[in-house]
Amino acid sequence: MRSKVSVIGAGNVGATCAQRIVERGYADVVLVDIVEGMPQGKALDMLQAGPVLGYDSRVVGTNSYDDTAGSDIVIITSGVPRKPGMSRDDLLNVNKKIITEVTENVVKRSPRSIIIMVTNPLDAMAQLALKVSGFPRHRVVGMAGVLDTARFRTFLAAELKVSVADVSAHVLGGHGDTMVPLVGSTTVGGVPVSRLMSREKLNRIVQRTRDGGGEIVSLLKTGSAYYAPSAAAVQMAEAILFDRKQILPCAAYLDGEYGIKGLFVGVPVKLGRKGIEKIIKVKLTAAEDAALKKSAAAVKELVDIMGIG
Ligand code: APR
């Protein structure tokens with residue numbers, strides 16, 4: 001039997017997640033949105049690509065959570081995307097209401113699912129979903145680090161004119177201004193990146209990575225990034241569905257790891273069929289450790305504003 005993945009929010013990120021999953025035949029997909037007809041239309045359109053691309057995965061669009069019953073994974077993308085000039089944190093109150101309602105509906109029908117949170121502000125929304133769901137912490141994971149790391153690797157590979165496959169990097173911390181790229185352990189074909197470019201150039205790339213989402217928002221004018229965010233969320237889903245035990249930077253609820261307790265922060269985790277199977281402890285420099293704590297403090301601020309600490 002094929003696995004079942006529900007994607008909540010059939011907007012740009014959600015629909016592209018669904019498309020990536022069905023095209024690869026990873027699972028059957030249920031696409032949910034509050035807008036009537038829209039998820040049904042997108043799902044039908046996707047289904048009709050099956051004969052051309054050669055996939056048999058079923059994809060259903062719906063406005064009813066009943067269709068999501070028994071999902072193995074639920075990817076949550078519902079919310080309001082960031083508009084130009086709007087910070088991720090401005091979204092807090094609008095998305096709090098949406099994520100609370102969505103999580104309640106999801107857990108009622110899929111009590112054993114694993115939630116992959118995508119809605120921003122990411123770390124705070126993951127924390128909200130953990131609280132509302134009552135799930136154990138290994139079954140709620142946030143998508144941030146995979147995307148931030150992908151952006152970092154893209155810029156480094158372009159600058160050095162090498163394949164992205166040769167760039168190995170990890171970006172930890174919060175999604176956005178408080179991300180923590182582990183520059184010291186970033187390598188290109190096994191060579192530390194600091195030997196391949198000047199500190200100044202590297203700093204510029206780190207800054208561009210930090211502003212990665214904003215750069216796309218200002219180019220698009222309406223809406224925010226979705227090709228890379230959906231690719232990142234689907235990589236996480238793939239690691240879980242196929243029990244890959246893959247180590248990926250994800251937002252995870254820390255309970256003392258890295259000296260942080262009771263908050264979602266981006267750290268390397270092992271993702272497998274059970275969800276977060278392990279939080280990987282990497283050695284940080286004093287500066288990286290301080291930056292990670294700063295990112296945790298930023299999450300705490302949002303968690304406090306929402307009153308879910
Ligand atoms: N229940 C279900 N769906 C909802 C709800 C709700 N309560 N509220 C809003 N939605 C739906 C909207 O109708 C819309 O179709 O969520 C969808 C969001 O899609 P887009 O506006 O296209 O946003 P998108 O670019 O997909 O981003 C979604 O992912 O990367 C993050 O910052 C981004 O938080 C944003 C999320």
# chains A, B, ... in the order shown; residues from 1 in each chain; ligands from 1

call {"tool": "closest_atom_pairs", "arguments": {"of": "chain A", "to": "ligand 1", "cutoff": "6 Å", "atoms": "only C-alpha atoms and all ligand atoms", "output": "tab-separated table"}}
result
residue	atom	partner	partner_atom_place_in_ligand_line	distance
A:Ile8	CA	ligand 1	2 (C)	5.8
A:Gly9	CA	ligand 1	16 (O)	3.8
A:Ala10	CA	ligand 1	15 (O)	4.7
A:Gly11	CA	ligand 1	19 (O)	3.2
A:Asn12	CA	ligand 1	26 (O)	3.8
A:Val13	CA	ligand 1	26 (O)	3.6
A:Gly14	CA	ligand 1	26 (O)	5.4
A:Asp33	CA	ligand 1	3 (N)	3.9
A:Ile34	CA	ligand 1	2 (C)	4.5
A:Val35	CA	ligand 1	13 (O)	5.3
A:Thr77	CA	ligand 1	36 (C)	4.6
A:Ser78	CA	ligand 1	16 (O)	3.4
A:Gly79	CA	ligand 1	9 (C)	4.4
A:Val80	CA	ligand 1	21 (O)	5.3
A:Pro81	CA	ligand 1	35 (C)	4.1
A:Arg82	CA	ligand 1	32 (O)	5.5
A:Ile98	CA	ligand 1	7 (N)	4.5
A:Val102	CA	ligand 1	1 (N)	5.9
A:Val118	CA	ligand 1	29 (O)	5.2
A:Thr119	CA	ligand 1	34 (O)	3.5
A:Asn120	CA	ligand 1	34 (O)	4.0
A:Gly223	CA	ligand 1	25 (O)	5.6
A:Ser224	CA	ligand 1	25 (O)	5.1
A:Tyr226	CA	ligand 1	25 (O)	5.8

call {"tool": "select_by_dssp", "arguments": {"residues": "stretch 49-250 of chain A", "states": "alpha helix (DSSP H)", "output": "ChimeraX atom specification"}}
result
/A:50-53,92-109,122-133,145-160,199-210,212-220,227-241

call {"tool": "atom_distance", "arguments": {"atom1": "atom CA of A:Leu248", "atom2": "atom CA of A:Ala158"}}
result
22.1 Å

call {"tool": "residues_around", "arguments": {"residues": "A:Leu302", "least_positions_apart": "3", "cutoff": "8 Å", "atoms": "only C-alpha atoms", "output": "MDAnalysis selection string"}}
result
chainID A and resid 89 92 124 298:299 305:306

call {"tool": "write_last_selection", "arguments": {"atoms": "N, CA and C atoms", "output": "PDB file, in the first residue's frame"}}
result
ATOM      1  N   ASP A  89       7.765  37.993  11.066  1.00  0.00           N
ATOM      2  CA  ASP A  89       7.111  38.073  12.368  1.00  0.00           C
ATOM      3  C   ASP A  89       5.761  38.794  12.319  1.00  0.00           C
ATOM      4  N   LEU A  92       2.720  36.675  12.359  1.00  0.00           N
ATOM      5  CA  LEU A  92       2.484  35.834  13.533  1.00  0.00           C
ATOM      6  C   LEU A  92       1.012  35.654  13.886  1.00  0.00           C
ATOM      7  N   ALA A 124       8.132  29.350  15.274  1.00  0.00           N
ATOM      8  CA  ALA A 124       7.008  29.620  16.177  1.00  0.00           C
ATOM      9  C   ALA A 124       5.783  28.806  15.785  1.00  0.00           C
ATOM     10  N   ALA A 298      15.062  34.703  19.781  1.00  0.00           N
ATOM     11  CA  ALA A 298      14.094  35.308  18.850  1.00  0.00           C
ATOM     12  C   ALA A 298      12.835  34.452  18.765  1.00  0.00           C
ATOM     13  N   VAL A 299      13.005  33.134  18.791  1.00  0.00           N
ATOM     14  CA  VAL A 299      11.837  32.244  18.768  1.00  0.00           C
ATOM     15  C   VAL A 299      11.049  32.419  20.063  1.00  0.00           C
ATOM     16  N   ILE A 305       4.834  36.027  22.769  1.00  0.00           N
ATOM     17  CA  ILE A 305       3.763  36.883  22.250  1.00  0.00           C
ATOM     18  C   ILE A 305       2.490  36.037  22.035  1.00  0.00           C
ATOM     19  N   MET A 306       2.699  34.814  21.555  1.00  0.00           N
ATOM     20  CA  MET A 306       1.539  33.947  21.300  1.00  0.00           C
ATOM     21  C   MET A 306       0.995  33.338  22.601  1.00  0.00           C
TER      22      MET A 306
END

call {"tool": "residues_around", "arguments": {"residues": "A:Arg58", "least_positions_apart": "3", "cutoff": "7 Å", "atoms": "only C-alpha atoms", "output": "number ranges by chain"}}
result
A: 28-29, 47

call {"tool": "write_last_selection", "arguments": {"atoms": "all heavy atoms", "output": "short mmCIF file (atom, residue, chain, number, x, y, z; two decimals), in the first residue's frame"}}
result
data_model
loop_
_atom_site.label_atom_id
_atom_site.label_comp_id
_atom_site.auth_asym_id
_atom_site.auth_seq_id
_atom_site.Cartn_x
_atom_site.Cartn_y
_atom_site.Cartn_z
N ASP A 28 0.30 8.69 -2.11
CA ASP A 28 -0.93 9.33 -2.55
C ASP A 28 -1.06 10.64 -1.77
O ASP A 28 -0.63 10.72 -0.62
CB ASP A 28 -2.14 8.42 -2.24
CG ASP A 28 -2.15 7.19 -3.15
OD1 ASP A 28 -1.65 7.30 -4.29
OD2 ASP A 28 -2.65 6.15 -2.71
N VAL A 29 -1.64 11.64 -2.40
CA VAL A 29 -1.66 12.97 -1.79
C VAL A 29 -3.09 13.51 -1.68
O VAL A 29 -3.89 13.36 -2.61
CB VAL A 29 -0.79 13.96 -2.62
CG1 VAL A 29 -0.91 15.38 -2.07
CG2 VAL A 29 0.67 13.53 -2.60
N LEU A 47 -3.52 15.10 -11.58
CA LEU A 47 -3.86 13.71 -11.86
C LEU A 47 -3.76 13.43 -13.36
O LEU A 47 -3.29 12.38 -13.79
CB LEU A 47 -5.28 13.44 -11.36
CG LEU A 47 -5.70 11.99 -11.15
CD1 LEU A 47 -4.87 11.34 -10.04
CD2 LEU A 47 -7.19 11.94 -10.77
#

call {"tool": "residues_around", "arguments": {"residues": "A:Lys281", "least_positions_apart": "6", "cutoff": "10 Å", "atoms": "only C-alpha atoms", "output": "list in words"}}
result
Glu257, Tyr258, Val267, Pro268 and Val269 of chain A

call {"tool": "closest_residue", "arguments": {"among": "A:Ala252, A:Ile279, A:Asp148, A:Ala157", "to": "A:Ala129", "atoms": "only C-alpha atoms"}}
result
A:Ala252

call {"tool": "residues_around", "arguments": {"residues": "A:Gln246", "least_positions_apart": "2", "cutoff": "7 Å", "atoms": "only C-alpha atoms", "output": "list in words"}}
result
Ala239, Arg244, Leu248, Lys270, Leu271 and Gly272 of chain A

call {"tool": "write_last_selection", "arguments": {"atoms": "all heavy atoms", "output": "PDB file, in the first residue's frame"}}
result
ATOM      1  N   ALA A 239      12.693  11.493   3.329  1.00  0.00           N
ATOM      2  CA  ALA A 239      13.541  10.861   4.358  1.00  0.00           C
ATOM      3  C   ALA A 239      12.686  10.085   5.356  1.00  0.00           C
ATOM      4  O   ALA A 239      13.067   9.005   5.819  1.00  0.00           O
ATOM      5  CB  ALA A 239      14.370  11.931   5.075  1.00  0.00           C
ATOM      6  N   ARG A 244      14.992   6.944   5.524  1.00  0.00           N
ATOM      7  CA  ARG A 244      16.355   7.139   5.043  1.00  0.00           C
ATOM      8  C   ARG A 244      17.360   7.404   6.153  1.00  0.00           C
ATOM      9  O   ARG A 244      18.550   7.345   5.933  1.00  0.00           O
ATOM     10  CB  ARG A 244      16.414   8.308   4.061  1.00  0.00           C
ATOM     11  CG  ARG A 244      15.696   8.043   2.774  1.00  0.00           C
ATOM     12  CD  ARG A 244      16.529   8.497   1.579  1.00  0.00           C
ATOM     13  NE  ARG A 244      15.698   8.637   0.404  1.00  0.00           N
ATOM     14  CZ  ARG A 244      15.300   7.612  -0.359  1.00  0.00           C
ATOM     15  NH1 ARG A 244      15.671   6.388  -0.051  1.00  0.00           N
ATOM     16  NH2 ARG A 244      14.528   7.825  -1.409  1.00  0.00           N
ATOM     17  N   LEU A 248      19.550  15.989   8.297  1.00  0.00           N
ATOM     18  CA  LEU A 248      19.157  17.234   7.639  1.00  0.00           C
ATOM     19  C   LEU A 248      18.966  18.316   8.687  1.00  0.00           C
ATOM     20  O   LEU A 248      18.494  18.024   9.796  1.00  0.00           O
ATOM     21  CB  LEU A 248      17.826  17.031   6.895  1.00  0.00           C
ATOM     22  CG  LEU A 248      17.817  16.041   5.727  1.00  0.00           C
ATOM     23  CD1 LEU A 248      16.389  15.776   5.263  1.00  0.00           C
ATOM     24  CD2 LEU A 248      18.647  16.575   4.566  1.00  0.00           C
ATOM     25  N   LYS A 270      18.326  13.471  12.655  1.00  0.00           N
ATOM     26  CA  LYS A 270      18.229  12.276  11.814  1.00  0.00           C
ATOM     27  C   LYS A 270      16.755  12.019  11.550  1.00  0.00           C
ATOM     28  O   LYS A 270      15.982  11.816  12.488  1.00  0.00           O
ATOM     29  CB  LYS A 270      18.869  11.087  12.527  1.00  0.00           C
ATOM     30  CG  LYS A 270      18.902   9.853  11.671  1.00  0.00           C
ATOM     31  CD  LYS A 270      19.942   8.858  12.134  1.00  0.00           C
ATOM     32  CE  LYS A 270      19.386   8.022  13.249  1.00  0.00           C
ATOM     33  NZ  LYS A 270      20.349   6.989  13.678  1.00  0.00           N
ATOM     34  N   LEU A 271      16.358  12.071  10.274  1.00  0.00           N
ATOM     35  CA  LEU A 271      14.950  11.870   9.906  1.00  0.00           C
ATOM     36  C   LEU A 271      14.737  10.468   9.355  1.00  0.00           C
ATOM     37  O   LEU A 271      15.423  10.049   8.414  1.00  0.00           O
ATOM     38  CB  LEU A 271      14.520  12.872   8.836  1.00  0.00           C
ATOM     39  CG  LEU A 271      14.114  14.285   9.251  1.00  0.00           C
ATOM     40  CD1 LEU A 271      13.523  15.017   8.057  1.00  0.00           C
ATOM     41  CD2 LEU A 271      13.158  14.299  10.424  1.00  0.00           C
ATOM     42  N   GLY A 272      13.791   9.765   9.955  1.00  0.00           N
ATOM     43  CA  GLY A 272      13.443   8.423   9.496  1.00  0.00           C
ATOM     44  C   GLY A 272      11.959   8.191   9.694  1.00  0.00           C
ATOM     45  O   GLY A 272      11.195   9.135   9.947  1.00  0.00           O
TER      46      GLY A 272
END

call {"tool": "closest_residue", "arguments": {"among": "A:Gly184, A:Phe135, A:Ala144, A:Gly85", "to": "A:Glu104", "atoms": "only C-alpha atoms"}}
result
A:Phe135

call {"tool": "select_by_dssp", "arguments": {"residues": "stretch 36-245 of chain A", "states": "strand (DSSP E or B)", "output": "list in words"}}
result
Val59, Val60, Gly61, Thr62, Ile73, Val74, Ile75, Ile76, Ile114, Ile115, Ile116, Met117, Val140, Val141, Gly142, Val167, Ser168, Val171, Leu172, Gly173, Met179, Val180, Pro181, Thr187, Val188, Val191 and Pro192 of chain A

call {"tool": "residues_around", "arguments": {"residues": "stretch 197-205 of chain A", "least_positions_apart": "3", "cutoff": "9 Å", "atoms": "only C-alpha atoms", "output": "list in words"}}
result
Phe152, Phe155, Leu156, Glu159, Leu160, Val183, Val193, Ser194, Arg208, Thr209 and Arg210 of chain A

call {"tool": "write_last_selection", "arguments": {"atoms": "N, CA, C and O atoms", "output": "short mmCIF file (atom, residue, chain, number, x, y, z; two decimals), in the first residue's frame"}}
result
data_model
loop_
_atom_site.label_atom_id
_atom_site.label_comp_id
_atom_site.auth_asym_id
_atom_site.auth_seq_id
_atom_site.Cartn_x
_atom_site.Cartn_y
_atom_site.Cartn_z
N PHE A 152 22.35 28.61 0.49
CA PHE A 152 23.78 28.85 0.76
C PHE A 152 24.62 28.06 -0.26
O PHE A 152 25.54 28.61 -0.89
N PHE A 155 24.49 29.60 -3.85
CA PHE A 155 25.30 30.81 -4.04
C PHE A 155 26.80 30.47 -4.06
O PHE A 155 27.57 31.03 -4.85
N LEU A 156 27.21 29.54 -3.17
CA LEU A 156 28.63 29.17 -3.13
C LEU A 156 29.04 28.48 -4.43
O LEU A 156 30.09 28.78 -5.01
N GLU A 159 29.32 30.97 -7.24
CA GLU A 159 30.51 31.82 -7.11
C GLU A 159 31.79 31.06 -7.48
O GLU A 159 32.66 31.58 -8.15
N LEU A 160 31.86 29.80 -7.06
CA LEU A 160 33.08 29.02 -7.29
C LEU A 160 33.03 28.22 -8.59
O LEU A 160 33.99 27.52 -8.93
N VAL A 183 30.00 28.19 8.78
CA VAL A 183 30.97 28.51 7.73
C VAL A 183 32.24 27.67 7.89
O VAL A 183 32.81 27.16 6.92
N VAL A 193 35.84 26.00 2.69
CA VAL A 193 35.48 27.10 1.78
C VAL A 193 36.31 28.35 2.06
O VAL A 193 36.58 29.15 1.15
N SER A 194 36.76 28.50 3.30
CA SER A 194 37.54 29.69 3.66
C SER A 194 38.87 29.73 2.89
O SER A 194 39.49 30.79 2.77
N ARG A 208 23.53 37.20 1.75
CA ARG A 208 22.54 36.95 0.69
C ARG A 208 21.67 35.74 1.06
O ARG A 208 20.46 35.72 0.79
N THR A 209 22.28 34.76 1.72
CA THR A 209 21.52 33.59 2.17
C THR A 209 20.49 34.02 3.21
O THR A 209 19.33 33.62 3.17
N ARG A 210 20.96 34.82 4.16
CA ARG A 210 20.06 35.35 5.20
C ARG A 210 18.86 36.06 4.59
O ARG A 210 17.74 35.94 5.06
#

call {"tool": "closest_residue", "arguments": {"among": "A:Gly214, A:Ile75, A:Leu91, A:Val188", "to": "A:Lys161", "atoms": "only C-alpha atoms"}}
result
A:Val188

call {"tool": "closest_residue", "arguments": {"among": "A:Asp211, A:Asp243, A:Asp289, A:Asp90", "to": "A:Asp177", "atoms": "only C-alpha atoms"}}
result
A:Asp211

call {"tool": "closest_residue", "arguments": {"among": "A:Gly262, A:Pro249, A:Gly309, A:Pro51", "to": "A:Gly142", "atoms": "only C-alpha atoms"}}
result
A:Pro249

call {"tool": "closest_residue", "arguments": {"among": "A:Leu122, A:Ala290, A:Ala69, A:Met46", "to": "A:Lys108", "atoms": "only C-alpha atoms"}}
result
A:Ala69

call {"tool": "atom_distance", "arguments": {"atom1": "atom CA of A:Ser113", "atom2": "atom CA of A:Leu53"}}
result
28.8 Å
